[in-house]
Amino acid sequence: MARQTKTMAVLFADISESTSLYQKLGDAAARNIVNACLALITGVLPRYDGRLVKTIGDELMCVFPSADLAVLAASEMQSLVTSTRPGNYPVMIHIGLHHGAVLVEEGDVFGDTVNAAAYLRAVATAEQILTTEATEQCLSAALKSCVRPIFHVVLKGSAEESTVYQVLWRTDSLDLTDVNLQSNKTIPGDTGSLLVTLDEERVRVDQWRTSIVIGRSQDCDLVVTDRFASRQHLSIKLVRTHFYLFDHSINGTFVSLESGEEVHVLRRELLLDGAGQICVGRSRVEQPVEIITFTRDRRSMYRV
């Protein structure tokens, strides 16, 4: 099938806190609840001319022919999940959607519109629906009254700041937080995935692999040999759009930043920004020492 360019709305819906669901209930029970929730969400699609593109773990990706239909579908998804308790368990979802040009090939869709929708899904909190300024501009007059501006952001593929809108899907707005329009609230954009390298081995932290563990244990994602390193020395995790290093060790982790400063991290966390070096158990000045490097891949971490 030939690749085509079309204009449509892309929507991602994800189950909030699904990891803790598995930890609390066990794999089998949690999976039954997740499947029930995804089935409930998928059942909404035919009523709004929506099409399921794929299911990715505990989230799904779908497309709609217009911004109006996507917003209406997202609102019904939230309402149904809240009122139905799929799998007889109180779960919540968060949704991101964006309207624009996409590449369609063999039923799948690609491009900046897809990446933006996935990014907004990651930024949204439980029971939120977030969308873009471009989507708001395509809405009918009736639905424009159901969205409100809450943040500013620079989306991937654009050099200009735009507005993020929240879709107001609840009929009761008593618990709705008022938006302070006087402050300039710019949220972190999609700055790309994190590449972590030890010798010839490289791992990528992104939305598909949200955490890695480094240490002497053979079951770590990156295995070091230094005896000053603990068996599970540190972890690096994606938290929304930022990457954090968490030290779990006895001797601490030494992180060299782009500024040249070396930070000793011991039983706490450190934001990893830009590029730098990581040494486990001892400083880089204590030669010989294993050096782990980290750097950003500036392409979108939400490529799907």
# chains A, B, ... in the order shown; residues from 1 in each chain; ligands from 1
$ residues_around --residues "Gly43 of chain A" --least-positions-apart "5" --cutoff "12 Å" --atoms "only C-alpha atoms" --output "count of residues only"
15
$ residues_around --residues "segment 88-96 of chain A" --least-positions-apart "4" --cutoff "6 Å" --atoms "only C-alpha atoms" --output "PDB file with N, CA and C atoms, in the first residue's frame"
ATOM      1  N   LEU A  11      -5.299  10.293  18.588  1.00  0.00           N
ATOM      2  CA  LEU A  11      -5.600  10.262  20.020  1.00  0.00           C
ATOM      3  C   LEU A  11      -4.874   9.087  20.676  1.00  0.00           C
ATOM      4  N   PHE A  12      -4.228   9.372  21.801  1.00  0.00           N
ATOM      5  CA  PHE A  12      -3.635   8.338  22.653  1.00  0.00           C
ATOM      6  C   PHE A  12      -4.376   8.335  23.988  1.00  0.00           C
ATOM      7  N   ALA A  13      -4.802   7.161  24.428  1.00  0.00           N
ATOM      8  CA  ALA A  13      -5.413   6.993  25.746  1.00  0.00           C
ATOM      9  C   ALA A  13      -4.603   5.962  26.519  1.00  0.00           C
ATOM     10  N   ASP A  14      -4.241   6.293  27.748  1.00  0.00           N
ATOM     11  CA  ASP A  14      -3.355   5.452  28.539  1.00  0.00           C
ATOM     12  C   ASP A  14      -3.944   5.275  29.932  1.00  0.00           C
ATOM     13  N   ILE A  15      -3.790   4.101  30.493  1.00  0.00           N
ATOM     14  CA  ILE A  15      -4.267   3.832  31.849  1.00  0.00           C
ATOM     15  C   ILE A  15      -3.268   4.410  32.852  1.00  0.00           C
ATOM     16  N   SER A  16      -3.743   5.233  33.743  1.00  0.00           N
ATOM     17  CA  SER A  16      -2.885   5.901  34.720  1.00  0.00           C
ATOM     18  C   SER A  16      -2.444   4.930  35.807  1.00  0.00           C
ATOM     19  N   ALA A 117       0.661  14.165  19.838  1.00  0.00           N
ATOM     20  CA  ALA A 117      -0.429  13.540  20.586  1.00  0.00           C
ATOM     21  C   ALA A 117       0.119  12.630  21.683  1.00  0.00           C
ATOM     22  N   LEU A 120       1.463  14.779  24.570  1.00  0.00           N
ATOM     23  CA  LEU A 120       0.398  15.321  25.414  1.00  0.00           C
ATOM     24  C   LEU A 120      -0.206  14.233  26.305  1.00  0.00           C
ATOM     25  N   ARG A 121      -0.277  13.008  25.797  1.00  0.00           N
ATOM     26  CA  ARG A 121      -0.716  11.889  26.638  1.00  0.00           C
ATOM     27  C   ARG A 121       0.226  11.711  27.823  1.00  0.00           C
ATOM     28  N   ALA A 124      -0.342  14.707  30.324  1.00  0.00           N
ATOM     29  CA  ALA A 124      -1.651  14.728  30.983  1.00  0.00           C
ATOM     30  C   ALA A 124      -1.638  13.898  32.261  1.00  0.00           C
ATOM     31  N   THR A 125      -2.364  14.367  33.257  1.00  0.00           N
ATOM     32  CA  THR A 125      -2.526  13.619  34.500  1.00  0.00           C
ATOM     33  C   THR A 125      -3.805  12.783  34.429  1.00  0.00           C
ATOM     34  N   ALA A 126      -4.017  11.958  35.442  1.00  0.00           N
ATOM     35  CA  ALA A 126      -5.191  11.091  35.475  1.00  0.00           C
ATOM     36  C   ALA A 126      -6.473  11.902  35.306  1.00  0.00           C
ATOM     37  N   GLU A 127      -7.356  11.420  34.441  1.00  0.00           N
ATOM     38  CA  GLU A 127      -8.659  12.006  34.125  1.00  0.00           C
ATOM     39  C   GLU A 127      -8.553  13.301  33.314  1.00  0.00           C
ATOM     40  N   GLN A 128      -7.371  13.616  32.803  1.00  0.00           N
ATOM     41  CA  GLN A 128      -7.218  14.805  31.958  1.00  0.00           C
ATOM     42  C   GLN A 128      -7.246  14.437  30.480  1.00  0.00           C
ATOM     43  N   ILE A 129      -7.721  15.377  29.680  1.00  0.00           N
ATOM     44  CA  ILE A 129      -7.599  15.330  28.222  1.00  0.00           C
ATOM     45  C   ILE A 129      -6.890  16.603  27.801  1.00  0.00           C
ATOM     46  N   LEU A 130      -5.736  16.471  27.167  1.00  0.00           N
ATOM     47  CA  LEU A 130      -4.991  17.635  26.690  1.00  0.00           C
ATOM     48  C   LEU A 130      -4.930  17.627  25.169  1.00  0.00           C
ATOM     49  N   THR A 131      -5.015  18.819  24.606  1.00  0.00           N
ATOM     50  CA  THR A 131      -4.910  18.963  23.161  1.00  0.00           C
ATOM     51  C   THR A 131      -4.159  20.241  22.827  1.00  0.00           C
TER      52      THR A 131
END
$ closest_residue --among "A:Val285, A:Ile187, A:Val280, A:Met301" --to "Phe243 of chain A" --atoms "only C-alpha atoms"
A:Met301
$ select_by_dssp --residues "segment 37-167 of chain A" --states "strand (DSSP E or B)" --output "PyMOL selection string"
chain A and resi 51-56+59-64+93-105+108-110+129-132+147-154+161-167
$ closest_residue --among "A:Thr19, A:Thr55, A:Asn32, A:Ser66" --to "Thr7 of chain A" --atoms "only C-alpha atoms"
A:Ser66
$ residues_around --residues "Gly192 of chain A" --least-positions-apart "4" --cutoff "6 Å" --atoms "only C-alpha atoms" --output "VMD selection string"
chain A and resid 297 to 301
$ select_by_dssp --residues "segment 113-247 of chain A" --states "alpha helix (DSSP H)" --output "PyMOL selection string"
chain A and resi 113-123+133-138+141-144
$ write_last_selection --atoms "N, CA and C atoms" --output "PDB file, in the first residue's frame"
ATOM      1  N   THR A 113       2.445  14.994  14.021  1.00  0.00           N
ATOM      2  CA  THR A 113       1.126  15.007  14.649  1.00  0.00           C
ATOM      3  C   THR A 113       0.990  13.857  15.640  1.00  0.00           C
ATOM      4  N   VAL A 114       1.469  12.681  15.254  1.00  0.00           N
ATOM      5  CA  VAL A 114       1.440  11.512  16.130  1.00  0.00           C
ATOM      6  C   VAL A 114       2.317  11.752  17.355  1.00  0.00           C
ATOM      7  N   ASN A 115       3.527  12.281  17.124  1.00  0.00           N
ATOM      8  CA  ASN A 115       4.449  12.536  18.238  1.00  0.00           C
ATOM      9  C   ASN A 115       3.871  13.535  19.227  1.00  0.00           C
ATOM     10  N   ALA A 116       3.209  14.576  18.711  1.00  0.00           N
ATOM     11  CA  ALA A 116       2.620  15.593  19.581  1.00  0.00           C
ATOM     12  C   ALA A 116       1.496  15.008  20.428  1.00  0.00           C
ATOM     13  N   ALA A 117       0.661  14.165  19.838  1.00  0.00           N
ATOM     14  CA  ALA A 117      -0.429  13.540  20.586  1.00  0.00           C
ATOM     15  C   ALA A 117       0.119  12.630  21.683  1.00  0.00           C
ATOM     16  N   ALA A 118       1.180  11.873  21.366  1.00  0.00           N
ATOM     17  CA  ALA A 118       1.793  10.989  22.365  1.00  0.00           C
ATOM     18  C   ALA A 118       2.436  11.796  23.487  1.00  0.00           C
ATOM     19  N   TYR A 119       3.058  12.917  23.131  1.00  0.00           N
ATOM     20  CA  TYR A 119       3.660  13.798  24.149  1.00  0.00           C
ATOM     21  C   TYR A 119       2.586  14.336  25.101  1.00  0.00           C
ATOM     22  N   LEU A 120       1.463  14.779  24.570  1.00  0.00           N
ATOM     23  CA  LEU A 120       0.398  15.321  25.414  1.00  0.00           C
ATOM     24  C   LEU A 120      -0.206  14.233  26.305  1.00  0.00           C
ATOM     25  N   ARG A 121      -0.277  13.008  25.797  1.00  0.00           N
ATOM     26  CA  ARG A 121      -0.716  11.889  26.638  1.00  0.00           C
ATOM     27  C   ARG A 121       0.226  11.711  27.823  1.00  0.00           C
ATOM     28  N   ALA A 122       1.528  11.868  27.602  1.00  0.00           N
ATOM     29  CA  ALA A 122       2.499  11.717  28.685  1.00  0.00           C
ATOM     30  C   ALA A 122       2.394  12.857  29.692  1.00  0.00           C
ATOM     31  N   VAL A 123       2.095  14.056  29.230  1.00  0.00           N
ATOM     32  CA  VAL A 123       2.015  15.231  30.101  1.00  0.00           C
ATOM     33  C   VAL A 123       0.715  15.247  30.900  1.00  0.00           C
ATOM     34  N   GLU A 133      -3.257  23.907  20.441  1.00  0.00           N
ATOM     35  CA  GLU A 133      -3.842  25.125  19.867  1.00  0.00           C
ATOM     36  C   GLU A 133      -4.348  24.870  18.456  1.00  0.00           C
ATOM     37  N   ALA A 134      -3.593  24.094  17.688  1.00  0.00           N
ATOM     38  CA  ALA A 134      -4.011  23.785  16.315  1.00  0.00           C
ATOM     39  C   ALA A 134      -5.320  23.007  16.302  1.00  0.00           C
ATOM     40  N   THR A 135      -5.505  22.131  17.269  1.00  0.00           N
ATOM     41  CA  THR A 135      -6.752  21.371  17.367  1.00  0.00           C
ATOM     42  C   THR A 135      -7.906  22.290  17.763  1.00  0.00           C
ATOM     43  N   GLU A 136      -7.674  23.162  18.736  1.00  0.00           N
ATOM     44  CA  GLU A 136      -8.713  24.092  19.197  1.00  0.00           C
ATOM     45  C   GLU A 136      -9.206  24.969  18.048  1.00  0.00           C
ATOM     46  N   GLN A 137      -8.307  25.360  17.178  1.00  0.00           N
ATOM     47  CA  GLN A 137      -8.684  26.218  16.049  1.00  0.00           C
ATOM     48  C   GLN A 137      -9.576  25.502  15.040  1.00  0.00           C
ATOM     49  N   CYS A 138      -9.536  24.157  15.063  1.00  0.00           N
ATOM     50  CA  CYS A 138     -10.350  23.375  14.133  1.00  0.00           C
ATOM     51  C   CYS A 138     -11.697  22.964  14.720  1.00  0.00           C
ATOM     52  N   ALA A 141     -17.808  25.874  16.946  1.00  0.00           N
ATOM     53  CA  ALA A 141     -18.061  26.895  17.965  1.00  0.00           C
ATOM     54  C   ALA A 141     -18.581  26.265  19.258  1.00  0.00           C
ATOM     55  N   ALA A 142     -19.419  25.250  19.129  1.00  0.00           N
ATOM     56  CA  ALA A 142     -19.989  24.606  20.316  1.00  0.00           C
ATOM     57  C   ALA A 142     -18.905  23.937  21.159  1.00  0.00           C
ATOM     58  N   LEU A 143     -17.942  23.289  20.513  1.00  0.00           N
ATOM     59  CA  LEU A 143     -16.911  22.584  21.258  1.00  0.00           C
ATOM     60  C   LEU A 143     -15.783  23.502  21.725  1.00  0.00           C
ATOM     61  N   LYS A 144     -15.613  24.644  21.093  1.00  0.00           N
ATOM     62  CA  LYS A 144     -14.612  25.600  21.584  1.00  0.00           C
ATOM     63  C   LYS A 144     -14.916  26.028  23.020  1.00  0.00           C
TER      64      LYS A 144
END
$ decode --residues "segment 256-301 of chain A" --atoms "N, CA and C atoms" --output "tab-separated table (two decimals), in the first residue's frame"
chain	number	residue	atom	x	y	z
A	256	SER	N	29.43	13.78	36.18
A	256	SER	CA	30.10	14.95	35.62
A	256	SER	C	29.18	15.62	34.61
A	257	LEU	N	28.89	16.89	34.84
A	257	LEU	CA	27.96	17.64	34.00
A	257	LEU	C	28.70	18.36	32.88
A	258	GLU	N	27.95	18.92	31.94
A	258	GLU	CA	28.56	19.64	30.81
A	258	GLU	C	29.36	20.84	31.29
A	259	SER	N	29.01	21.40	32.43
A	259	SER	CA	29.72	22.55	32.97
A	259	SER	C	31.10	22.18	33.50
A	260	GLY	N	31.37	20.88	33.64
A	260	GLY	CA	32.63	20.41	34.21
A	260	GLY	C	32.51	20.06	35.68
A	261	GLU	N	31.42	20.44	36.31
A	261	GLU	CA	31.20	20.13	37.73
A	261	GLU	C	30.92	18.65	37.91
A	262	GLU	N	31.48	18.07	38.98
A	262	GLU	CA	31.19	16.68	39.32
A	262	GLU	C	30.32	16.66	40.58
A	263	VAL	N	29.19	15.97	40.50
A	263	VAL	CA	28.23	15.92	41.61
A	263	VAL	C	28.23	14.52	42.19
A	264	HIS	N	28.37	14.43	43.53
A	264	HIS	CA	28.30	13.15	44.22
A	264	HIS	C	26.85	12.91	44.64
A	265	VAL	N	26.25	11.87	44.10
A	265	VAL	CA	24.85	11.54	44.38
A	265	VAL	C	24.82	10.30	45.26
A	266	LEU	N	24.27	10.43	46.46
A	266	LEU	CA	24.23	9.31	47.40
A	266	LEU	C	22.83	9.19	47.98
A	267	ARG	N	22.15	8.10	47.64
A	267	ARG	CA	20.80	7.81	48.12
A	267	ARG	C	19.82	8.96	47.87
A	268	ARG	N	19.97	9.58	46.73
A	268	ARG	CA	19.04	10.62	46.31
A	268	ARG	C	18.98	10.61	44.79
A	269	GLU	N	18.27	11.57	44.20
A	269	GLU	CA	18.12	11.60	42.76
A	269	GLU	C	18.73	12.86	42.17
A	270	LEU	N	19.04	12.81	40.88
A	270	LEU	CA	19.62	13.95	40.18
A	270	LEU	C	19.03	14.01	38.78
A	271	LEU	N	18.61	15.20	38.38
A	271	LEU	CA	18.10	15.41	37.03
A	271	LEU	C	19.26	15.32	36.03
A	272	LEU	N	19.10	14.48	35.01
A	272	LEU	CA	20.11	14.37	33.95
A	272	LEU	C	19.67	15.22	32.78
A	273	ASP	N	20.40	16.27	32.52
A	273	ASP	CA	20.05	17.21	31.46
A	273	ASP	C	21.23	17.36	30.52
A	274	GLY	N	20.97	17.38	29.22
A	274	GLY	CA	22.05	17.55	28.27
A	274	GLY	C	22.87	16.29	28.13
A	275	ALA	N	24.18	16.39	28.41
A	275	ALA	CA	25.09	15.26	28.29
A	275	ALA	C	26.06	15.27	29.46
A	276	GLY	N	26.72	14.13	29.71
A	276	GLY	CA	27.68	14.07	30.80
A	276	GLY	C	28.23	12.67	30.97
A	277	GLN	N	28.91	12.46	32.09
A	277	GLN	CA	29.53	11.18	32.41
A	277	GLN	C	29.10	10.71	33.79
A	278	ILE	N	29.01	9.39	33.95
A	278	ILE	CA	28.63	8.78	35.22
A	278	ILE	C	29.72	7.80	35.63
A	279	CYS	N	30.18	7.90	36.87
A	279	CYS	CA	31.13	6.95	37.44
A	279	CYS	C	30.50	6.34	38.68
A	280	VAL	N	30.56	5.01	38.80
A	280	VAL	CA	29.90	4.33	39.90
A	280	VAL	C	30.90	4.01	41.02
A	281	GLY	N	30.58	4.48	42.23
A	281	GLY	CA	31.39	4.12	43.39
A	281	GLY	C	32.58	4.99	43.67
A	282	ARG	N	33.09	5.69	42.66
A	282	ARG	CA	34.25	6.56	42.88
A	282	ARG	C	34.34	7.60	41.78
A	283	SER	N	35.10	8.64	42.06
A	283	SER	CA	35.21	9.79	41.16
A	283	SER	C	36.01	9.44	39.91
A	284	ARG	N	35.82	10.22	38.87
A	284	ARG	CA	36.56	10.03	37.61
A	284	ARG	C	38.06	10.30	37.78
A	285	VAL	N	38.45	11.01	38.84
A	285	VAL	CA	39.88	11.30	39.05
A	285	VAL	C	40.61	10.10	39.62
A	286	GLU	N	39.86	9.11	40.10
A	286	GLU	CA	40.47	7.91	40.69
A	286	GLU	C	40.67	6.86	39.60
A	287	GLN	N	41.70	7.03	38.80
A	287	GLN	CA	41.96	6.13	37.69
A	287	GLN	C	42.50	4.79	38.17
A	288	PRO	N	42.24	3.67	37.44
A	288	PRO	CA	41.31	3.59	36.31
A	288	PRO	C	39.87	3.48	36.81
A	289	VAL	N	38.93	4.02	36.08
A	289	VAL	CA	37.53	4.00	36.47
A	289	VAL	C	36.67	3.79	35.23
A	290	GLU	N	35.59	3.03	35.38
A	290	GLU	CA	34.66	2.83	34.26
A	290	GLU	C	33.81	4.10	34.09
A	291	ILE	N	33.71	4.56	32.87
A	291	ILE	CA	32.95	5.79	32.59
A	291	ILE	C	31.75	5.45	31.73
A	292	ILE	N	30.60	5.83	32.23
A	292	ILE	CA	29.34	5.70	31.50
A	292	ILE	C	28.96	7.08	30.99
A	293	THR	N	28.60	7.20	29.73
A	293	THR	CA	28.21	8.50	29.18
A	293	THR	C	26.70	8.54	28.97
A	294	PHE	N	26.14	9.74	29.09
A	294	PHE	CA	24.73	9.93	28.74
A	294	PHE	C	24.60	11.16	27.87
A	295	THR	N	23.71	11.10	26.91
A	295	THR	CA	23.47	12.23	26.01
A	295	THR	C	22.06	12.11	25.46
A	296	ARG	N	21.53	13.22	24.99
A	296	ARG	CA	20.19	13.24	24.44
A	296	ARG	C	20.21	12.91	22.95
A	297	ASP	N	19.29	12.04	22.53
A	297	ASP	CA	18.95	11.90	21.12
A	297	ASP	C	17.83	12.90	20.88
A	298	ARG	N	18.10	13.91	20.11
A	298	ARG	CA	17.17	15.04	20.00
A	298	ARG	C	15.91	14.72	19.20
A	299	ARG	N	15.87	13.55	18.56
A	299	ARG	CA	14.63	13.17	17.91
A	299	ARG	C	13.57	12.89	18.97
A	300	SER	N	12.31	12.91	18.56
A	300	SER	CA	11.22	12.74	19.53
A	300	SER	C	11.32	11.41	20.26
A	301	MET	N	11.12	11.45	21.57
A	301	MET	CA	11.06	10.20	22.34
A	301	MET	C	9.71	9.52	22.17
